[in-house]
There are 4 protein chains.
Amino acid sequence: MNTMRATVFQGMNQFEVQEVARPRAGPGEAVIRVTLTTICGTDIHIIRGEYPVKPGLVIGHEPVGVIEELGSGVTGYVIGERVLVGAITPCGQCHACLSGHQAQCGHGSGYEAIGGWRFGNTINGAQAEYLLVPYAQANLTKIPNELSDEQVVLLADIASTGFSGAESGGVRIGDAVAVFAQGPIGLCATVGAKLMGAALIIGVDGDDTRLHMAKRMGADVVLDYRNTDVVAEIKRLTGGGADVTIEALGTQATFENALRSLRPGGTLSSLGVYSGKLQIPYDAFAAGIGDHRIVTTLCPGGKERMRRLMEVVRHKRVDLTPLLTHRFSLDDIREGYRVFGERLDGVLKVAIKP
Amino acid sequence: MNTMRATVFQGMNQFEVQEVARPRAGPGEAVIRVTLTTICGTDIHIIRGEYPVKPGLVIGHEPVGVIEELGSGVTGYVIGERVLVGAITPCGQCHACLSGHQAQCGHGSGYEAIGGWRFGNTINGAQAEYLLVPYAQANLTKIPNELSDEQVVLLADIASTGFSGAESGGVRIGDAVAVFAQGPIGLCATVGAKLMGAALIIGVDGDDTRLHMAKRMGADVVLDYRNTDVVAEIKRLTGGGADVTIEALGTQATFENALRSLRPGGTLSSLGVYSGKLQIPYDAFAAGIGDHRIVTTLCPGGKERMRRLMEVVRHKRVDLTPLLTHRFSLDDIREGYRVFGERLDGVLKVAIKP
Amino acid sequence: MNTMRATVFQGMNQFEVQEVARPRAGPGEAVIRVTLTTICGTDIHIIRGEYPVKPGLVIGHEPVGVIEELGSGVTGYVIGERVLVGAITPCGQCHACLSGHQAQCGHGSGYEAIGGWRFGNTINGAQAEYLLVPYAQANLTKIPNELSDEQVVLLADIASTGFSGAESGGVRIGDAVAVFAQGPIGLCATVGAKLMGAALIIGVDGDDTRLHMAKRMGADVVLDYRNTDVVAEIKRLTGGGADVTIEALGTQATFENALRSLRPGGTLSSLGVYSGKLQIPYDAFAAGIGDHRIVTTLCPGGKERMRRLMEVVRHKRVDLTPLLTHRFSLDDIREGYRVFGERLDGVLKVAIKP
Amino acid sequence: MNTMRATVFQGMNQFEVQEVARPRAGPGEAVIRVTLTTICGTDIHIIRGEYPVKPGLVIGHEPVGVIEELGSGVTGYVIGERVLVGAITPCGQCHACLSGHQAQCGHGSGYEAIGGWRFGNTINGAQAEYLLVPYAQANLTKIPNELSDEQVVLLADIASTGFSGAESGGVRIGDAVAVFAQGPIGLCATVGAKLMGAALIIGVDGDDTRLHMAKRMGADVVLDYRNTDVVAEIKRLTGGGADVTIEALGTQATFENALRSLRPGGTLSSLGVYSGKLQIPYDAFAAGIGDHRIVTTLCPGGKERMRRLMEVVRHKRVDLTPLLTHRFSLDDIREGYRVFGERLDGVLKVAIKP
């Protein structure tokens, strides 16, 4: 058995599940048999050719699995253990990692790394039967027995990213927080703001299903931008502006509204990935009345981050399974991409079971 | 009507509700008609002569009331508004306040202030029909209509203090937190840890009623020190030690256990008021395995703090009314002191209605 | 003597030193006899009509003086004491001040305040013989005897602002810091970065006098943008990008270069005041490789800030007097505006002696 | 050549330079030829049997050297490069390291680790001709050509520890800082406080040589505890207490004085290693007037920390070579231990050249 089935990018708008070589673990690496993964919005960008990766690459970066093989030097694990691996795989030993910027991991031995995001970007990813995990000592996190694959799979990327929107924003007890866009990451940012003690959480979107889910995940108020002057309403609800706004889409409009909705001295925590130039309006920012902060954050990874997030789920602070609206087998992944990519049937996240 | 009824300290173990002069508001001050207040553990220390105040002082520092009189220069308020006033009344304009240490307020004009705690300490307090509020501009917080007096009265001191135990401890999403002693402040620290995203909260006490209440207020696990090796059990539950421990009693035993229960690099947030010398055991602290932090915090006050805490209650993040187990009129306050001081009848907090 | 001489804005490009009513101190206020002040770049914008203030306003916001009159309720000061007053005058008692955002002071009683910057903006300013100081309790800072007016006058605004560029940027021991533009504020940012332990400080400008002064004030390397690819050179000198960049001019070019010169995960601390829309380039920011921070800061004020900065000067950590390149009497202030506004004769800061 | 000369601990008060097996690098490890090292106060404790290590261990933890051998998987280095290695050698890949507590490194594969301090504690140390470096990828830091061995050797431990005293204390621009004890670590804490912008630095000791060196290294005022009421004098000099005090000795007296010298709300940063129980006096701490912080810190290590500290030296912010008062060859190390252990001849630090 030297091959496996995997989702391979072949060029703009071309991808297929096909038979490829099965990975083997070198020193410091591990191979896991993937038991659950998902499709991320970034994968859609990749498939469409909007984010550049090399043809032939296996896509996907949200892996849950079982340890199949351990390379030399990886200690404290045994074959057969269930593990979660974050979307970001820091080496832990480069200057960036040692200064706490694990998402900016600069270790490059053998990989063409752009920071710590490697799976489905610079090395083969998780939409496959098997996955090679680099820097395995820093990146394999055992899953507590009482947690199912579905309970943890969203922690690898969207929950880690969404929560970090609230963390980087410095949400404090009693804050008013507005979250712009209630897709999967925005919903997780909503959950994160609530976890950190925000008093008032305002969810903004233009899709009824998502606004409904926002309330279920913790938003106190939801605003539909299709029929509401969002900035004015946030200022009214908060008595002058939100302490923290979180941008979770990546457009000029959401960014600008997030900035205009801040109180003087507030923080805009930006999670979206923008294309083209962003404009910061003079009258919201940087005028004499400034002192805002704009913080951008990449998904935090590494096994300690994953452990912490699983503790949050294990102690029932958070249940993200309602976001898993659809499930497909690896062989049916094209249908998963279609449903997710075209936002059909109220889809939020699609689980893929190899 | 130049007099009012008030609870007056007369000397060790002597206090009485008696008729005293009713206060008048000077420039920058206000007088409120007290509609609800409580008895604090510190008041018990005062009555017993364990904490020194001058005979003749009106006791109490947790006031809810209605504005009766506004001194010159106090703007933005009107007679008749319902207000909450924090136990700490910062001036906002001294060096300590302007550097963010409002509890250490050094303004002394006309008061013999020891930091920002004045009510029932260096000036007359809240267990009375009327209360003079110094630095009123910085200390009167309007109560939203939808909140009752009972919903907010505990914010003035114990919730502000208890939450600050979690805040000063730097609780983060996913932390394991142990709270030593589940009296009113410890229970609020438990609530605070949960508000800030702790994954696992361990409540420690030796009283069944309080352990029961700890679970109700958010503890995942409660430990009874009467029959448990608390340090060993916390290390077992957390896989090596808590990220943050909060001490909420003020004894050598709770302090030492809180320190020994930390993981390497953890933080002990101390809220208790100790008498005599505290010993820090060599083997828990400061040995080669060091790098702990010990943080002590006074109750944060001021109108912005009170506003934030009321927002937390208003948006239903927290309900502290279960802690108000007993209610007395001002004329029956001696009975309230007896029940609270001797811990009768499962008492947690006693409300006093003038 | 009910009048005084003062620099009055009369409309676009019109201003004059004329006789106006001398201020009197109301409750909580003070009047100082101004002994030294300066002209700020913002004053140039005001004079030119680029920043809107009401005709009739006295300009200027960097006052050193002697207490002439104390309103009721201001304690701890005596007539005749020498004082420094910050450009920002927080009330200390509003929600913004009590939450630590003193530059965003929201107190409005009697003033049309836009945040805490009042002098020469919403109330009469310092280029006059006398100055009314609002919230005097929070804003009068005694000057130690051993310090001259010239040693402290720049602390009121440009040093407080410039140092805060380094403080808000979170400069740490060993950081590489690049400061874009070496005008008065940029030079103070350079000093601030050095004060906080930066290892390598790179000063950028296109003016020989300013580059020379940058070296004198602590820059290790200076780059002349007229003949250098600044971004490339900073990346080379720092091995990949600066930890912190400070923008101290307020143009698209400096902002964009400051952003492009950051290492992954670095912080851009922005002090400049921009006009029109700022563009954030996609490829520097917010791409998959993000996690930058952009922080803007207003000049911190209040008497505690001024006290701290004077301590820094008193203990000879910093000497800013080389920045005072020109001196004029109040009656000659038009000449001062000409020299400063047209950047003649290597001018950096102009001192005005009423 | 399978042996080397090394300083071996043999039991209480017994140690000798003898021939031992020369180390070989396994996977992920490196061997360096030591070109300079020193004797640390902790080594004196070890030699005297006051800190337990196993007989047969090679002592020493401050290594400068040249790469002799690289194990498999260590990339980006070549044989012959000059490197500095920190006293603490984090693995970078365990839960403690990945959460930023590198000094608490919990990786144990093959070592009996107590946190990240391994050299001369749980594995062979640096007072030898050759040294095996674990987790070499995370711990080898190239030395810039322009820096000599003597310029960097003190960064491995005492400068990293001393500076961290100021860093953990949160020293800010304008702070008043008092440093208790001006031995090598205290002197480095003095340097660290100055690097971070303290306005007033007060050095305390009872030894004329050290008080003299304290002034040379940046203290503004020195106090001799033999003839001064140190607490009273610090309160007088600071107008009420220091913002930060740093304890750098490890005795009850220095700890207690450091605590009593704080202003309300100040921070005590403790670097000393205490033996026996420490007492925290009730009246200084934890009384109603509390809100102090006590922070303890272990020496930060790892190659990024070493790189940053070398940048500080390279750009001439700091020169620590005056602390290297004596030099011995490895064969004469017993004499070095005598001079250093008995504090003869004004010794501060002793350099050892293998």
# chains A, B, ... in the order shown; residues from 1 in each chain; ligands from 1
>>> interface_residues(of="chain C", to="chain D", cutoff="7 Å", atoms="only C-alpha atoms", output="VMD selection string")
chain C and resid 174 195 to 197 199 to 200 308 to 309 311 to 312 315 317
>>> select_by_dssp(residues="region 19-135 of chain C", states="strand (DSSP E)", output="ChimeraX atom specification")
/C:19-21,30-38,64-70,82-84,130-133
>>> residues_around(residues="Arg210 (chain B)", least_positions_apart="5", cutoff="8 Å", atoms="only C-alpha atoms", output="ChimeraX atom specification")
/B:182-183,205
>>> write_last_selection(atoms="all heavy atoms", output="compact mmCIF listing (two decimals), in the first residue's frame")
# COMPACT_ATOMS: atom_id res chain seq x y z
N GLN B 182 -14.74 30.03 48.92
CA GLN B 182 -15.93 30.35 48.13
C GLN B 182 -16.94 31.14 48.96
O GLN B 182 -18.13 30.85 48.96
CB GLN B 182 -16.54 29.06 47.56
CG GLN B 182 -15.64 28.35 46.55
CD GLN B 182 -15.48 29.11 45.24
OE1 GLN B 182 -16.43 29.69 44.74
NE2 GLN B 182 -14.27 29.15 44.70
N GLY B 183 -16.40 32.13 49.70
CA GLY B 183 -17.29 33.13 50.30
C GLY B 183 -17.72 34.09 49.21
O GLY B 183 -17.47 33.86 48.03
N ASP B 205 -13.38 25.01 49.17
CA ASP B 205 -13.90 25.53 50.43
C ASP B 205 -14.11 24.33 51.38
O ASP B 205 -13.80 23.19 51.02
CB ASP B 205 -15.23 26.30 50.20
CG ASP B 205 -15.46 27.39 51.27
OD1 ASP B 205 -15.56 27.01 52.47
OD2 ASP B 205 -15.50 28.58 50.94
>>> residues_around(residues="Pro27 (chain B)", least_positions_apart="5", cutoff="7 Å", atoms="only C-alpha atoms", output="list of chain:residue names")
B:Gly71, B:Ser72, B:Gly73
>>> residues_around(residues="Val64 (chain D)", least_positions_apart="5", cutoff="10 Å", atoms="only C-alpha atoms", output="ChimeraX atom specification")
/D:32-38,82-86,126,131,140-141,143,148-150,152-156,353
>>> residues_around(residues="Ala138 (chain B)", least_positions_apart="3", cutoff="10 Å", atoms="only C-alpha atoms", output="list in words")
Gly28, Glu29, Val74, Val85, Thr89, Pro90, Cys91, Gly92, Gln93, Val133, Pro134, Tyr135, Thr141, Gly301, Gly302, Lys303 and Glu304 of chain B; Cys91, Gly92, Gln93, Cys94, His95, Cys97 and Leu98 of chain C
>>> closest_residue(among="C:Thr325, C:Gln137, C:Gln14, C:Asn257", to="Gly346 (chain C)", atoms="only C-alpha atoms")
C:Thr325
>>> decode(residues="region 120-134 of chain A", atoms="all heavy atoms", output="PDB file, in the first residue's frame")
ATOM      1  N   GLY A 120      -1.390  22.240   2.639  1.00  0.00           N
ATOM      2  CA  GLY A 120      -2.216  22.693   1.531  1.00  0.00           C
ATOM      3  C   GLY A 120      -1.791  24.033   0.988  1.00  0.00           C
ATOM      4  O   GLY A 120      -2.545  24.705   0.281  1.00  0.00           O
ATOM      5  N   ASN A 121      -0.571  24.426   1.321  1.00  0.00           N
ATOM      6  CA  ASN A 121      -0.035  25.703   0.867  1.00  0.00           C
ATOM      7  C   ASN A 121       1.363  25.467   0.293  1.00  0.00           C
ATOM      8  O   ASN A 121       1.576  25.643  -0.902  1.00  0.00           O
ATOM      9  CB  ASN A 121       0.004  26.686   2.042  1.00  0.00           C
ATOM     10  CG  ASN A 121       0.560  28.048   1.679  1.00  0.00           C
ATOM     11  OD1 ASN A 121       0.578  28.436   0.517  1.00  0.00           O
ATOM     12  ND2 ASN A 121       1.038  28.781   2.671  1.00  0.00           N
ATOM     13  N   THR A 122       2.278  25.009   1.143  1.00  0.00           N
ATOM     14  CA  THR A 122       3.633  24.731   0.655  1.00  0.00           C
ATOM     15  C   THR A 122       3.988  23.258   0.769  1.00  0.00           C
ATOM     16  O   THR A 122       4.986  22.824   0.219  1.00  0.00           O
ATOM     17  CB  THR A 122       4.668  25.561   1.438  1.00  0.00           C
ATOM     18  OG1 THR A 122       4.527  25.268   2.833  1.00  0.00           O
ATOM     19  CG2 THR A 122       4.435  27.053   1.221  1.00  0.00           C
ATOM     20  N   ILE A 123       3.201  22.493   1.514  1.00  0.00           N
ATOM     21  CA  ILE A 123       3.372  21.029   1.542  1.00  0.00           C
ATOM     22  C   ILE A 123       1.990  20.406   1.408  1.00  0.00           C
ATOM     23  O   ILE A 123       0.974  21.084   1.535  1.00  0.00           O
ATOM     24  CB  ILE A 123       4.070  20.531   2.839  1.00  0.00           C
ATOM     25  CG1 ILE A 123       3.189  20.822   4.080  1.00  0.00           C
ATOM     26  CG2 ILE A 123       5.446  21.199   3.000  1.00  0.00           C
ATOM     27  CD1 ILE A 123       3.747  20.198   5.367  1.00  0.00           C
ATOM     28  N   ASN A 124       1.970  19.110   1.175  1.00  0.00           N
ATOM     29  CA  ASN A 124       0.687  18.444   0.984  1.00  0.00           C
ATOM     30  C   ASN A 124      -0.213  18.582   2.206  1.00  0.00           C
ATOM     31  O   ASN A 124       0.266  18.612   3.346  1.00  0.00           O
ATOM     32  CB  ASN A 124       0.895  16.967   0.648  1.00  0.00           C
ATOM     33  CG  ASN A 124       1.282  16.788  -0.813  1.00  0.00           C
ATOM     34  OD1 ASN A 124       0.947  17.628  -1.662  1.00  0.00           O
ATOM     35  ND2 ASN A 124       1.999  15.715  -1.114  1.00  0.00           N
ATOM     36  N   GLY A 125      -1.539  18.641   1.934  1.00  0.00           N
ATOM     37  CA  GLY A 125      -2.495  18.943   2.987  1.00  0.00           C
ATOM     38  C   GLY A 125      -3.377  17.773   3.390  1.00  0.00           C
ATOM     39  O   GLY A 125      -3.084  16.603   3.117  1.00  0.00           O
ATOM     40  N   ALA A 126      -4.491  18.126   4.041  1.00  0.00           N
ATOM     41  CA  ALA A 126      -5.260  17.187   4.847  1.00  0.00           C
ATOM     42  C   ALA A 126      -6.433  16.519   4.146  1.00  0.00           C
ATOM     43  O   ALA A 126      -7.019  15.593   4.698  1.00  0.00           O
ATOM     44  CB  ALA A 126      -5.768  17.917   6.087  1.00  0.00           C
ATOM     45  N   GLN A 127      -6.804  16.956   2.957  1.00  0.00           N
ATOM     46  CA  GLN A 127      -7.942  16.331   2.268  1.00  0.00           C
ATOM     47  C   GLN A 127      -7.450  15.084   1.558  1.00  0.00           C
ATOM     48  O   GLN A 127      -7.424  14.983   0.331  1.00  0.00           O
ATOM     49  CB  GLN A 127      -8.603  17.329   1.311  1.00  0.00           C
ATOM     50  CG  GLN A 127      -9.295  18.464   2.075  1.00  0.00           C
ATOM     51  CD  GLN A 127      -9.687  19.641   1.217  1.00  0.00           C
ATOM     52  OE1 GLN A 127      -9.628  19.561  -0.010  1.00  0.00           O
ATOM     53  NE2 GLN A 127     -10.078  20.737   1.836  1.00  0.00           N
ATOM     54  N   ALA A 128      -7.050  14.123   2.374  1.00  0.00           N
ATOM     55  CA  ALA A 128      -6.386  12.924   1.880  1.00  0.00           C
ATOM     56  C   ALA A 128      -6.509  11.841   2.935  1.00  0.00           C
ATOM     57  O   ALA A 128      -6.909  12.106   4.067  1.00  0.00           O
ATOM     58  CB  ALA A 128      -4.914  13.226   1.614  1.00  0.00           C
ATOM     59  N   GLU A 129      -6.126  10.617   2.560  1.00  0.00           N
ATOM     60  CA  GLU A 129      -6.198   9.546   3.552  1.00  0.00           C
ATOM     61  C   GLU A 129      -5.088   9.655   4.590  1.00  0.00           C
ATOM     62  O   GLU A 129      -5.263   9.281   5.749  1.00  0.00           O
ATOM     63  CB  GLU A 129      -6.137   8.200   2.842  1.00  0.00           C
ATOM     64  CG  GLU A 129      -7.412   7.913   2.040  1.00  0.00           C
ATOM     65  CD  GLU A 129      -7.344   6.572   1.321  1.00  0.00           C
ATOM     66  OE1 GLU A 129      -6.537   6.449   0.359  1.00  0.00           O
ATOM     67  OE2 GLU A 129      -8.061   5.653   1.728  1.00  0.00           O
ATOM     68  N   TYR A 130      -3.928  10.156   4.157  1.00  0.00           N
ATOM     69  CA  TYR A 130      -2.798  10.269   5.084  1.00  0.00           C
ATOM     70  C   TYR A 130      -2.168  11.653   4.963  1.00  0.00           C
ATOM     71  O   TYR A 130      -2.227  12.283   3.906  1.00  0.00           O
ATOM     72  CB  TYR A 130      -1.740   9.193   4.802  1.00  0.00           C
ATOM     73  CG  TYR A 130      -2.269   7.804   5.067  1.00  0.00           C
ATOM     74  CD1 TYR A 130      -2.876   7.072   4.051  1.00  0.00           C
ATOM     75  CD2 TYR A 130      -2.179   7.251   6.345  1.00  0.00           C
ATOM     76  CE1 TYR A 130      -3.399   5.814   4.294  1.00  0.00           C
ATOM     77  CE2 TYR A 130      -2.697   5.993   6.599  1.00  0.00           C
ATOM     78  CZ  TYR A 130      -3.308   5.270   5.572  1.00  0.00           C
ATOM     79  OH  TYR A 130      -3.835   4.034   5.834  1.00  0.00           O
ATOM     80  N   LEU A 131      -1.544  12.087   6.034  1.00  0.00           N
ATOM     81  CA  LEU A 131      -0.958  13.424   6.077  1.00  0.00           C
ATOM     82  C   LEU A 131       0.397  13.366   6.765  1.00  0.00           C
ATOM     83  O   LEU A 131       0.521  12.800   7.860  1.00  0.00           O
ATOM     84  CB  LEU A 131      -1.882  14.363   6.867  1.00  0.00           C
ATOM     85  CG  LEU A 131      -1.382  15.790   7.106  1.00  0.00           C
ATOM     86  CD1 LEU A 131      -1.367  16.588   5.806  1.00  0.00           C
ATOM     87  CD2 LEU A 131      -2.271  16.495   8.134  1.00  0.00           C
ATOM     88  N   LEU A 132       1.397  13.954   6.123  1.00  0.00           N
ATOM     89  CA  LEU A 132       2.723  14.063   6.746  1.00  0.00           C
ATOM     90  C   LEU A 132       2.731  15.320   7.615  1.00  0.00           C
ATOM     91  O   LEU A 132       2.457  16.418   7.115  1.00  0.00           O
ATOM     92  CB  LEU A 132       3.802  14.183   5.667  1.00  0.00           C
ATOM     93  CG  LEU A 132       5.239  14.299   6.192  1.00  0.00           C
ATOM     94  CD1 LEU A 132       5.707  12.980   6.801  1.00  0.00           C
ATOM     95  CD2 LEU A 132       6.180  14.745   5.080  1.00  0.00           C
ATOM     96  N   VAL A 133       3.045  15.172   8.898  1.00  0.00           N
ATOM     97  CA  VAL A 133       3.075  16.311   9.821  1.00  0.00           C
ATOM     98  C   VAL A 133       4.531  16.704  10.096  1.00  0.00           C
ATOM     99  O   VAL A 133       5.288  15.918  10.665  1.00  0.00           O
ATOM    100  CB  VAL A 133       2.382  15.971  11.157  1.00  0.00           C
ATOM    101  CG1 VAL A 133       2.419  17.152  12.119  1.00  0.00           C
ATOM    102  CG2 VAL A 133       0.955  15.506  10.907  1.00  0.00           C
ATOM    103  N   PRO A 134       4.940  17.910   9.687  1.00  0.00           N
ATOM    104  CA  PRO A 134       6.298  18.352   9.969  1.00  0.00           C
ATOM    105  C   PRO A 134       6.401  18.801  11.431  1.00  0.00           C
ATOM    106  O   PRO A 134       5.388  19.125  12.041  1.00  0.00           O
ATOM    107  CB  PRO A 134       6.483  19.544   9.029  1.00  0.00           C
ATOM    108  CG  PRO A 134       5.121  20.124   8.892  1.00  0.00           C
ATOM    109  CD  PRO A 134       4.160  18.953   8.987  1.00  0.00           C
TER     110      PRO A 134
END
